[in-house]
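Participant: Below you will find the structure I want to go over with you.
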Amino acid sequence: MNIKTLLFAIIIFFGCTPKNATTNNQNSRTTPTSSISKVMKTKPKNIILLVGDGMGLTQITAGMYMNGNKLNLEKFPITGLHKSYAYDNLVTDSAAGATAFACGVKTYNGAIGVDHDTIPIKTILEEAEENGLATGMVATSTIVHATPGSFIAHQKQRRMYEEIAADFLKTDIDIFIGGGKKFFNNRESDDRDLYAELRAKGYVMSDFFEKDLEDIQIDKTKKFGYLTANKDPLPVAQGRDYLMPATLKTLDFLDNRSDKGFFLMIEGSQIDWGGHANNSDYIVTEMIEFDNVIGEVLKYAKEDGETLVIVTADHETGGYAINKGSTRDSLVTAFTTDYHTAVMIPVFAYGPGSEAFSGIYENTAIYDKMKSAFGF
Ligand SMILES: [Zn+2]
């Protein structure tokens, strides 16, 4: 075996790209990142952004201990921290937080895809669409709630749910799954039937009322929208169980839909609601469900080899703490607030382009890093 062949074998073995290898120094060290099945590319084709709303470090820690001291999040090779503050407030809300990820601007609390002067800013989802990528969103809140809303809509206030729903018509998002049926076809501000309008644009529209998501064979030649509840979906503890099947169906749907790749945003929306309720069990059950989904997304990305996975939160909720007297099976918890806090937020990244997510940076940098990873 000559040196060239040996080097090549080392590169393949460690899942490292030739770009990172030095050709004239056979002693150079390459670090194995994971047991991936394909050679890692340097630029991702697909980006999957998972947002655990209200998922601060304590929420993650509580989920981990109550899940037998393990989470799929531990498998991520790259971790970082982001500064979550908004334009007008050190303590952000989900609208300003998601707009920072989606648009790369700090804006005021309540803003949906607009800057602090209420000027609409193109979102990463819209840019992905313009560049020929397929796009999708899955959420366990309504699909017009602040986080998903900020990736697809441009409205002055997060409460403008019917306006945010109507903004779905202004895009060509390929697939969306979440609650909020009434904002589409039982509207108060007008008589528009957005199901009919979306169908006219080539969507297959369905909902919880018509058919179980698990029983639906999604037609990959069309676009697909599915509403999981009339308003807010239930908590996991009360029987909501669609995040996993919705994620798997969406990955299957988006995989190879466009030869340019895809952008997918998945939100574990209700970790935040557990924080607002100062309810540790609510936080933990939502956190563990979200982490299970993260595990499946990671599995997809490992097999695919061209998918960048980023997991983060918009902010922490509750000033949640794990106090003295806790054990690994039983946590003594406390809260400082029923609102959000300003603590820095962890970021986890895996896949081509993931290295850019280590360190400490502004929440808006998540947008910048995704955009440059895509090469837009
Ligand atoms: Zn909140």
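The chains in the structure tokens are called A, B, ... from first to last as shown; in each chain the residues are counted from 1, and the ligands are counted from 1 in the order shown.
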Run DSSP on the backbone and give me the residues of region 92-215 of chain A it puts in strand (DSSP E or B), as an NGL selection string.

Facilitator: :A and (112 or 114 or 120 or 134-142 or 155 or 175-179 or 203-207)

Participant: Residues up to 7 Å from ligand 1, counting only C-alpha atoms and all ligand atoms: could you list those as an NGL selection string?

Facilitator: :A and (54 or 93-94 or 272-273 or 276 or 317 or 339-340)

Participant: Put those residues in a file: N, CA and C atoms, as a short mmCIF file (atom, residue, chain, number, x, y, z; two decimals), in the first residue's frame.

Facilitator:
```
data_model
loop_
_atom_site.label_atom_id
_atom_site.label_comp_id
_atom_site.auth_asym_id
_atom_site.auth_seq_id
_atom_site.Cartn_x
_atom_site.Cartn_y
_atom_site.Cartn_z
N GLY A 54 -38.65 27.40 24.34
CA GLY A 54 -38.48 27.48 25.79
C GLY A 54 -37.51 26.47 26.36
N ASP A 93 -39.38 37.18 23.14
CA ASP A 93 -40.51 36.25 23.01
C ASP A 93 -40.23 35.35 21.81
N SER A 94 -41.15 34.44 21.52
CA SER A 94 -40.91 33.47 20.45
C SER A 94 -40.95 34.11 19.07
N ASP A 272 -42.09 25.13 26.07
CA ASP A 272 -42.36 26.50 26.53
C ASP A 272 -43.63 26.59 27.38
N TRP A 273 -44.66 25.87 26.97
CA TRP A 273 -45.94 25.97 27.68
C TRP A 273 -45.84 25.33 29.06
N HIS A 276 -44.26 28.07 31.11
CA HIS A 276 -45.25 29.09 31.49
C HIS A 276 -46.16 28.58 32.61
N THR A 317 -37.73 29.28 29.33
CA THR A 317 -39.00 29.70 29.93
C THR A 317 -39.10 29.20 31.38
N TYR A 339 -42.75 33.61 32.88
CA TYR A 339 -42.43 34.09 31.53
C TYR A 339 -41.05 33.57 31.12
N HIS A 340 -40.50 34.16 30.05
CA HIS A 340 -39.19 33.73 29.55
C HIS A 340 -38.08 34.39 30.35
#
```

Participant: Identify, on the basis of only C-alpha atoms, every residue whose closest approach to Leu49 (chain A) does not exceed 6 Å; exclude the query and any residue fewer than 5 positions from it along the same chain; express the result as a short mmCIF file (atom, residue, chain, number, x, y, z; two decimals) with N, CA and C atoms, in the first residue's frame.

Facilitator:
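The resulting file, out-v1.cif, is shown below:
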```
data_model
loop_
_atom_site.label_atom_id
_atom_site.label_comp_id
_atom_site.auth_asym_id
_atom_site.auth_seq_id
_atom_site.Cartn_x
_atom_site.Cartn_y
_atom_site.Cartn_z
N MET A 265 -38.14 23.04 9.12
CA MET A 265 -38.14 23.53 10.50
C MET A 265 -39.13 22.68 11.29
N ILE A 310 -29.53 21.23 13.05
CA ILE A 310 -29.28 22.21 14.10
C ILE A 310 -30.43 22.12 15.10
N VAL A 311 -30.10 22.00 16.37
CA VAL A 311 -31.13 22.01 17.41
C VAL A 311 -30.85 23.18 18.35
#
```

Participant: Quick one, how far is CA of Ala165 (chain A) from CA of Ile177 (chain A)?

Facilitator: 12.6 Å

Participant: Would you pick out the contacts of Met205 (chain A) at 7 Å or less, using only C-alpha atoms, so that residues sharing its chain but fewer than 2 positions from it are not included, and give the list as a ChimeraX atom specification?

Facilitator: /A:195,199,203,224-226

Participant: Any idea what the distance is between CA of Thr42 (chain A) and CA of Ser358 (chain A)?

Facilitator: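 Going from CA of Thr42 (chain A) over to CA of Ser358 (chain A), I get 15.7 Å.
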
Participant: Pick out the residues sitting within 6 Å of Leu264 (chain A), and hand them over as a list in words; count only C-alpha atoms, and ignore anything fewer than 6 positions along from it in its own chain.

Facilitator: Ile48, Thr135, Gly136 and Met137 of chain A

Participant: Point out the residue among A:Asp167, A:Lys43, A:Glu303, A:Gly56 with the least atom-to-atom distance to Gly319 (chain A), counting only C-alpha atoms.

Facilitator: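 Ranked by minimum distance to Gly319 (chain A), first place goes to A:Gly56.
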
Participant: Please determine, counting only C-alpha atoms, which residue among A:Leu213, A:Met287, A:Val105, A:Val204 has the shortest atom-to-atom distance to Ala365 (chain A).

Facilitator: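 Among A:Leu213, A:Met287, A:Val105, A:Val204, it is A:Val105 that comes nearest to Ala365 (chain A).
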